file upload20.cif (mmCIF, C-alpha atoms)
data_start
loop_
_atom_site.label_atom_id
_atom_site.label_comp_id
_atom_site.auth_asym_id
_atom_site.auth_seq_id
_atom_site.Cartn_x
_atom_site.Cartn_y
_atom_site.Cartn_z
CA MET R 1 231.34 138.05 145.04
CA ILE R 2 230.19 136.79 148.44
CA SER R 3 232.65 139.15 150.12
CA LEU R 4 231.11 142.12 148.29
CA TYR R 5 227.64 141.20 149.49
CA ILE R 6 228.99 141.03 153.03
CA LEU R 7 230.62 144.46 152.68
CA LYS R 8 227.44 146.02 151.29
CA SER R 9 225.38 144.43 154.06
CA LEU R 10 227.77 145.68 156.72
CA SER R 11 227.70 149.19 155.28
CA ILE R 12 224.04 149.68 156.13
CA LEU R 13 224.56 148.83 159.80
CA PRO R 14 224.81 151.67 162.34
CA LEU R 15 228.34 152.71 163.26
CA LYS R 16 227.76 151.57 166.85
CA VAL R 17 227.15 148.04 165.59
CA LEU R 18 230.18 148.18 163.32
CA TYR R 19 232.34 149.32 166.23
CA PHE R 20 231.09 146.38 168.31
CA ILE R 21 232.14 144.06 165.46
CA SER R 22 235.42 145.96 165.25
CA ARG R 23 236.34 145.09 168.85
CA ILE R 24 235.90 141.39 168.12
CA LEU R 25 237.83 141.62 164.86
CA SER R 26 240.68 143.62 166.38
CA PHE R 27 241.28 140.79 168.86
CA LEU R 28 241.23 138.22 166.06
CA VAL R 29 243.46 140.30 163.81
CA THR R 30 246.03 140.84 166.57
CA LYS R 31 245.99 137.59 168.54
CA VAL R 32 244.73 134.91 166.13
CA ILE R 33 245.41 135.98 162.55
CA LYS R 34 248.33 138.15 163.65
CA TYR R 35 247.92 140.32 160.57
CA ARG R 36 251.32 141.86 159.73
CA THR R 37 252.28 141.87 163.40
CA GLN R 38 255.93 141.28 162.50
CA VAL R 39 255.89 144.40 160.31
CA VAL R 40 254.20 146.43 163.04
CA ASP R 41 256.68 145.24 165.69
CA LYS R 42 259.62 146.04 163.42
CA ASN R 43 258.31 149.53 162.57
CA LEU R 44 257.57 150.42 166.18
CA THR R 45 260.97 149.18 167.36
CA LEU R 46 262.87 151.09 164.66
CA THR R 47 261.09 154.36 165.38
CA ARG R 48 260.58 154.13 169.15
CA ARG R 49 262.79 157.18 169.79
CA PHE R 50 259.97 159.35 168.47
CA PHE R 51 257.52 158.21 171.12
CA LYS R 52 259.78 157.22 173.99
CA ASN R 53 257.14 158.22 176.52
CA HIS R 54 254.74 155.60 175.13
CA ASP R 55 254.82 151.88 175.88
CA LEU R 56 255.31 149.90 172.64
CA LEU R 57 252.88 147.13 173.55
CA ASN R 58 250.23 149.67 174.44
CA VAL R 59 250.81 151.54 171.18
CA LYS R 60 250.49 148.28 169.25
CA TYR R 61 247.27 147.32 171.06
CA ARG R 62 245.68 150.74 170.50
CA PHE R 63 246.85 150.80 166.88
CA TYR R 64 245.04 147.58 165.99
CA LYS R 65 241.84 148.83 167.60
CA TYR R 66 242.06 152.02 165.54
CA PHE R 67 243.10 150.08 162.42
CA VAL R 68 239.97 147.91 162.39
CA ASP R 69 237.76 150.89 163.35
CA LEU R 70 239.08 152.78 160.33
CA TYR R 71 238.17 150.00 157.92
CA MET R 72 234.73 149.68 159.45
CA GLU R 73 234.32 153.41 158.78
CA VAL R 74 235.47 152.89 155.19
CA ILE R 75 232.84 150.20 154.73
CA LYS R 76 230.20 152.49 156.24
CA MET R 77 231.06 155.21 153.72
CA ASN R 78 229.51 153.10 150.97
CA SER R 79 226.02 153.80 152.30
CA VAL R 80 226.17 157.29 153.85
CA ASN R 81 225.37 160.74 152.45
CA LYS R 82 226.53 164.33 152.89
CA ASN R 83 224.69 164.75 156.21
CA PHE R 84 226.72 161.93 157.75
CA PHE R 85 229.99 163.69 157.00
CA ILE R 86 228.76 167.16 157.99
CA LYS R 87 227.80 165.71 161.37
CA ASN R 88 230.98 163.71 161.99
CA PHE R 89 233.79 165.40 160.04
CA LYS R 90 234.77 169.00 160.75
CA VAL R 91 236.80 170.77 158.06
CA ASN R 92 238.69 173.82 159.28
CA ASN R 93 240.36 176.58 157.23
CA ILE R 94 237.82 176.21 154.43
CA LYS R 95 238.09 179.91 153.61
CA ASP R 96 241.84 179.60 153.00
CA LEU R 97 241.31 176.96 150.32
CA ASN R 98 238.31 178.72 148.81
CA ASP R 99 240.45 181.86 148.49
CA PHE R 100 242.86 179.87 146.32
CA TYR R 101 239.89 178.78 144.20
CA ASP R 102 238.77 182.39 143.77
CA GLN R 103 242.31 183.17 142.59
CA GLY R 104 242.04 180.41 139.99
CA LYS R 105 244.65 178.22 141.69
CA SER R 106 244.71 174.46 141.98
CA VAL R 107 246.09 173.16 145.29
CA MET R 108 248.27 170.21 146.25
CA LEU R 109 246.96 168.59 149.43
CA MET R 110 249.55 166.32 151.03
CA LEU R 111 248.07 163.73 153.35
CA SER R 112 249.56 160.95 155.44
CA HIS R 113 248.35 157.56 156.63
CA TYR R 114 247.39 159.07 159.95
CA SER R 115 244.09 159.28 161.80
CA GLY R 116 241.10 158.80 159.56
CA TYR R 117 242.68 159.97 156.31
CA GLU R 118 239.97 158.06 154.40
CA TRP R 119 237.42 160.67 155.53
CA CYS R 120 238.93 163.11 153.05
CA ILE R 121 236.85 161.51 150.30
CA SER R 122 234.09 163.83 151.55
CA LEU R 123 235.98 167.07 150.84
CA PRO R 124 233.85 167.80 147.73
CA TYR R 125 230.97 168.48 150.13
CA TYR R 126 232.93 171.32 151.74
CA LEU R 127 235.08 173.02 149.10
CA LYS R 128 234.68 175.01 145.89
CA HIS R 129 237.48 173.13 144.17
CA ASP R 130 237.01 169.96 142.20
CA VAL R 131 238.66 167.27 144.32
CA ALA R 132 240.82 164.49 142.91
CA ALA R 133 242.96 161.89 144.66
CA VAL R 134 245.66 159.48 143.59
CA TYR R 135 245.17 155.89 144.78
CA SER R 136 246.85 152.50 144.48
CA PRO R 137 244.58 149.96 142.73
CA LEU R 138 244.01 146.68 144.56
CA LYS R 139 244.81 143.35 142.92
CA ASN R 140 241.32 142.08 143.75
CA LYS R 141 239.30 143.80 141.01
CA ALA R 142 235.91 143.29 142.63
CA LEU R 143 237.08 144.75 145.95
CA ASN R 144 238.87 147.55 144.13
CA ASN R 145 235.68 148.48 142.27
CA PHE R 146 233.72 148.47 145.53
CA ILE R 147 236.17 150.89 147.17
CA VAL R 148 236.42 153.14 144.10
CA LYS R 149 232.64 153.42 143.80
CA SER R 150 232.31 154.07 147.53
CA ARG R 151 234.75 156.96 147.27
CA GLU R 152 233.57 158.44 143.99
CA LYS R 153 229.92 158.55 145.05
CA HIS R 154 230.87 161.47 147.31
CA GLY R 155 232.12 163.56 144.38
CA ILE R 156 235.84 162.85 144.39
CA SER R 157 237.70 161.83 141.21
CA LEU R 158 240.23 159.04 141.55
CA PHE R 159 243.43 158.69 139.51
CA SER R 160 245.42 155.47 139.54
CA ARG R 161 248.97 156.12 140.70
CA TYR R 162 250.16 154.54 137.45
CA PHE R 163 248.58 157.32 135.40
CA ALA R 164 248.54 160.19 137.92
CA PHE R 165 250.84 162.58 136.03
CA ARG R 166 248.91 162.10 132.80
CA GLU R 167 245.50 162.58 134.45
CA ILE R 168 246.59 165.68 136.37
CA PHE R 169 247.99 167.15 133.15
CA LYS R 170 244.61 166.59 131.45
CA LYS R 171 242.76 168.05 134.43
CA GLU R 172 244.92 171.18 134.48
CA LYS R 173 244.32 171.74 130.78
CA GLN R 174 240.59 171.96 131.53
CA GLY R 175 241.29 175.06 133.60
CA LYS R 176 239.03 174.47 136.61
CA PRO R 177 240.92 174.78 139.93
CA THR R 178 241.32 171.36 141.52
CA LEU R 179 242.45 170.14 144.91
CA TYR R 180 244.75 167.14 144.40
CA GLY R 181 245.07 164.83 147.38
CA LEU R 182 248.17 162.64 147.52
CA VAL R 183 249.40 160.39 150.31
CA ALA R 184 253.17 160.23 149.96
CA ASP R 185 254.45 158.52 153.11
CA GLN R 186 254.68 154.98 151.73
CA SER R 187 257.89 153.36 150.59
CA PRO R 188 258.31 154.03 146.85
CA GLN R 189 259.79 151.62 144.32
CA LEU R 190 263.53 152.11 144.18
CA ASN R 191 263.45 152.46 140.39
CA SER R 192 261.21 155.51 140.62
CA LYS R 193 262.78 158.69 139.27
CA ASN R 194 260.78 160.83 141.71
CA LEU R 195 262.45 159.90 144.99
CA PHE R 196 265.27 160.96 147.23
CA TRP R 197 266.80 159.64 150.44
CA THR R 198 266.23 161.49 153.69
CA LYS R 199 265.49 161.00 157.39
CA PHE R 200 261.98 160.06 158.47
CA LEU R 201 261.27 158.91 162.03
CA ASP R 202 265.03 158.60 162.58
CA GLN R 203 265.46 156.24 159.61
CA LYS R 204 267.12 157.06 156.31
CA VAL R 205 264.56 156.04 153.71
CA PRO R 206 263.62 156.70 150.08
CA VAL R 207 260.81 159.25 149.84
CA PHE R 208 258.41 159.76 146.94
CA THR R 209 258.53 163.34 145.68
CA GLY R 210 255.70 163.18 143.15
CA PRO R 211 253.44 165.72 144.92
CA GLU R 212 256.27 168.25 145.07
CA VAL R 213 257.17 167.71 141.40
CA ILE R 214 253.56 168.20 140.28
CA ALA R 215 253.04 171.24 142.51
CA LYS R 216 256.20 172.86 141.16
CA LYS R 217 255.22 172.24 137.54
CA TYR R 218 251.84 173.97 137.96
CA LYS R 219 252.95 176.60 140.53
CA MET R 220 250.46 175.32 143.10
CA PRO R 221 250.06 176.24 146.75
CA VAL R 222 250.81 173.20 148.92
CA VAL R 223 248.98 172.37 152.15
CA TYR R 224 249.22 169.55 154.64
CA GLY R 225 246.03 167.91 155.85
CA GLU R 226 246.44 167.44 159.59
CA MET R 227 243.88 164.82 160.61
CA LYS R 228 242.74 164.55 164.23
CA ARG R 229 240.53 161.91 165.77
CA VAL R 230 238.14 163.45 168.28
CA GLU R 231 236.52 160.13 169.17
CA ARG R 232 235.33 157.04 167.36
CA GLY R 233 233.57 158.19 164.19
CA SER R 234 234.45 161.86 164.66
CA TYR R 235 237.37 163.64 162.98
CA ILE R 236 238.75 167.10 162.26
CA ILE R 237 241.08 168.20 159.48
CA ASN R 238 243.21 171.34 159.68
CA PHE R 239 244.97 172.61 156.58
CA LYS R 240 248.53 173.75 157.26
CA LEU R 241 250.23 175.83 154.59
CA ILE R 242 253.54 174.42 153.36
CA SER R 243 254.07 176.78 150.41
CA LEU R 244 252.16 179.53 148.61
CA ASP R 245 253.92 178.68 145.35
CA ALA R 246 255.80 175.40 145.09
CA SER R 247 257.77 176.58 142.04
CA LYS R 248 259.60 179.11 144.22
CA GLU R 249 260.83 176.55 146.75
CA LYS R 250 264.21 174.86 146.65
CA LYS R 251 264.31 171.20 145.70
CA HIS R 252 262.96 168.82 148.36
CA VAL R 253 262.05 171.61 150.81
CA ILE R 254 258.33 170.89 150.45
CA THR R 255 258.79 167.15 150.95
CA LYS R 256 260.95 167.67 154.03
CA LYS R 257 258.40 170.04 155.60
CA TYR R 258 255.71 167.45 154.90
CA LEU R 259 257.68 164.73 156.69
CA ARG R 260 258.30 166.94 159.72
CA LEU R 261 254.55 167.60 160.02
CA ILE R 262 253.83 163.87 160.00
CA GLU R 263 256.47 163.30 162.68
CA GLU R 264 254.87 165.95 164.91
CA GLN R 265 251.58 164.07 164.80
CA ILE R 266 253.13 160.67 165.42
CA LYS R 267 254.98 161.99 168.47
CA LYS R 268 251.66 163.02 170.02
CA ASP R 269 249.88 159.73 169.40
CA PRO R 270 251.75 156.97 167.53
CA SER R 271 248.78 154.58 167.66
CA LEU R 272 247.01 156.47 164.85
CA TYR R 273 249.69 155.91 162.22
CA LEU R 274 249.37 153.04 159.74
CA TRP R 275 252.12 150.77 161.06
CA THR R 276 251.07 147.79 158.92
CA HIS R 277 252.79 149.39 155.90
CA ASN R 278 256.34 148.14 155.45
CA ARG R 279 257.52 151.73 155.36
CA PHE R 280 261.12 151.00 156.33
CA LYS R 281 261.93 148.00 154.15
CA HIS R 282 264.63 149.98 152.36
CA ALA R 283 265.89 151.88 155.41
CA LYS R 284 269.61 152.47 155.78
CA ASN R 285 271.57 153.00 158.97
#
call {"tool": "encode", "arguments": {"input": "upload20.cif", "output": "structure tokens"}}
result
Amino acid sequence: MISLYILKSLSILPLKVLYFISRILSFLVTKVIKYRTQVVDKNLTLTRRFFKNHDLLNVKYRFYKYFVDLYMEVIKMNSVNKNFFIKNFKVNNIKDLNDFYDQGKSVMLMLSHYSGYEWCISLPYYLKHDVAAVYSPLKNKALNNFIVKSREKHGISLFSRYFAFREIFKKEKQGKPTLYGLVADQSPQLNSKNLFWTKFLDQKVPVFTGPEVIAKKYKMPVVYGEMKRVERGSYIINFKLISLDASKEKKHVITKKYLRLIEEQIKKDPSLYLWTHNRFKHAKN
């Protein structure tokens, strides 16, 4: 419980103060605690071909600074309102998505663990659609409840990944167009029926195809949310169309396009990808 009080107390501090704390913590996380540094080193080494013009040590250093900044921003989101997001988060292509709403269409939004993806919890402030997202529950129930409440207070509905298909089915039966946000660039369980093996960042890995399967079932348009960090505490999202109707695409085409879009971003700035995830634990040569 003490940790929750600390999080709530931190959330009311100005972002400038949180970023000052972040610089101290990033040093501790990297040099003292060495949080998942072996995983980060392994991931960067395996995928270095995709950012050969960047120095690995520099990428690692900048990643950890961004990593701690991002979680300070997540904590801050517990105490902010709509005005905070309108000021610091620019959402482009709103008309394109609202046109889908006017046509009565739900939309599959495919996101990646790149550059401030957590800011997408504010999308209900910008769009006509209901907004729902699939998330992975944390083992720490108190911390999980804190994060869920922080996200849902901004109007987004959260579905546990364990019940995502069921909840989306129920939501679609209600008939109101919904934007479903799914992050599908983590390593799936090998016993999952919704995966296939393909190349990602020059590694052959299993890829979760749940977003594609759902979008095909309900004939949804599919868009990619391209997140860009302008500066600390300031982000932009551009929606890139992957498919107007997923049901008309060949199997795995949508997922492959999604992976290529992530790779394009990582090539430009690899430090903004979440390298602490053991994304390549099942990789094959």
call {"tool": "closest_residue", "arguments": {"input": "upload20.cif", "among": "R:Asn81, R:Asn53, R:Asn98, R:Gln265", "to": "R:Thr178", "atoms": "all atoms listed in the file"}}
result
R:Asn98
call {"tool": "closest_residue", "arguments": {"input": "upload20.cif", "among": "R:Phe239, R:Phe146, R:Tyr180, R:Tyr224", "to": "R:Ala133", "atoms": "only C-alpha atoms"}}
result
R:Tyr180
call {"tool": "residues_around", "arguments": {"input": "upload20.cif", "residues": "R:Phe85", "least_positions_apart": "5", "cutoff": "10 Å", "atoms": "all atoms listed in the file", "output": "count of residues only"}}
result
15
call {"tool": "residues_around", "arguments": {"input": "upload20.cif", "residues": "R:Asp102", "least_positions_apart": "3", "cutoff": "10 Å", "atoms": "all atoms listed in the file", "output": "list in words"}}
result
Leu97, Asn98, Asp99, Lys105, Lys128, His129 and Pro177 of chain R
call {"tool": "write_last_selection", "arguments": {"input": "upload20.cif", "atoms": "C-alpha atoms", "output": "PDB file, in the frame of the given file"}}
result
ATOM      1  CA  LEU R  97     241.310 176.960 150.320  1.00  0.00           C
ATOM      2  CA  ASN R  98     238.310 178.720 148.810  1.00  0.00           C
ATOM      3  CA  ASP R  99     240.450 181.860 148.490  1.00  0.00           C
ATOM      4  CA  LYS R 105     244.650 178.220 141.690  1.00  0.00           C
ATOM      5  CA  LYS R 128     234.680 175.010 145.890  1.00  0.00           C
ATOM      6  CA  HIS R 129     237.480 173.130 144.170  1.00  0.00           C
ATOM      7  CA  PRO R 177     240.920 174.780 139.930  1.00  0.00           C
TER       8      PRO R 177
END
call {"tool": "residues_around", "arguments": {"input": "upload20.cif", "residues": "R:Arg36", "least_positions_apart": "5", "cutoff": "12 Å", "atoms": "only C-alpha atoms", "output": "list of chain:residue names"}}
result
R:Val29, R:Thr30, R:Lys31, R:Asp41, R:Lys42, R:Asn43, R:Lys60, R:Tyr64, R:Phe67, R:Leu274, R:Trp275, R:Thr276, R:His277, R:Asn278
call {"tool": "write_last_selection", "arguments": {"input": "upload20.cif", "atoms": "C-alpha atoms", "output": "short mmCIF file (atom, residue, chain, number, x, y, z; two decimals), keeping the file's coordinate frame"}}
result
data_model
loop_
_atom_site.label_atom_id
_atom_site.label_comp_id
_atom_site.auth_asym_id
_atom_site.auth_seq_id
_atom_site.Cartn_x
_atom_site.Cartn_y
_atom_site.Cartn_z
CA VAL R 29 243.46 140.30 163.81
CA THR R 30 246.03 140.84 166.57
CA LYS R 31 245.99 137.59 168.54
CA ASP R 41 256.68 145.24 165.69
CA LYS R 42 259.62 146.04 163.42
CA ASN R 43 258.31 149.53 162.57
CA LYS R 60 250.49 148.28 169.25
CA TYR R 64 245.04 147.58 165.99
CA PHE R 67 243.10 150.08 162.42
CA LEU R 274 249.37 153.04 159.74
CA TRP R 275 252.12 150.77 161.06
CA THR R 276 251.07 147.79 158.92
CA HIS R 277 252.79 149.39 155.90
CA ASN R 278 256.34 148.14 155.45
#
call {"tool": "resolve_selection", "arguments": {"input": "upload20.cif", "expression": "the PyMOL selection byres ((chain R and resi 109) around 7)", "output": "PDB file with C-alpha atoms, keeping the file's coordinate frame"}}
result
ATOM      1  CA  VAL R 107     246.090 173.160 145.290  1.00  0.00           C
ATOM      2  CA  MET R 108     248.270 170.210 146.250  1.00  0.00           C
ATOM      3  CA  MET R 110     249.550 166.320 151.030  1.00  0.00           C
ATOM      4  CA  LEU R 111     248.070 163.730 153.350  1.00  0.00           C
ATOM      5  CA  LEU R 179     242.450 170.140 144.910  1.00  0.00           C
ATOM      6  CA  TYR R 180     244.750 167.140 144.400  1.00  0.00           C
ATOM      7  CA  GLY R 181     245.070 164.830 147.380  1.00  0.00           C
ATOM      8  CA  LEU R 182     248.170 162.640 147.520  1.00  0.00           C
ATOM      9  CA  VAL R 222     250.810 173.200 148.920  1.00  0.00           C
ATOM     10  CA  VAL R 223     248.980 172.370 152.150  1.00  0.00           C
ATOM     11  CA  TYR R 224     249.220 169.550 154.640  1.00  0.00           C
ATOM     12  CA  GLY R 225     246.030 167.910 155.850  1.00  0.00           C
TER      13      GLY R 225
END
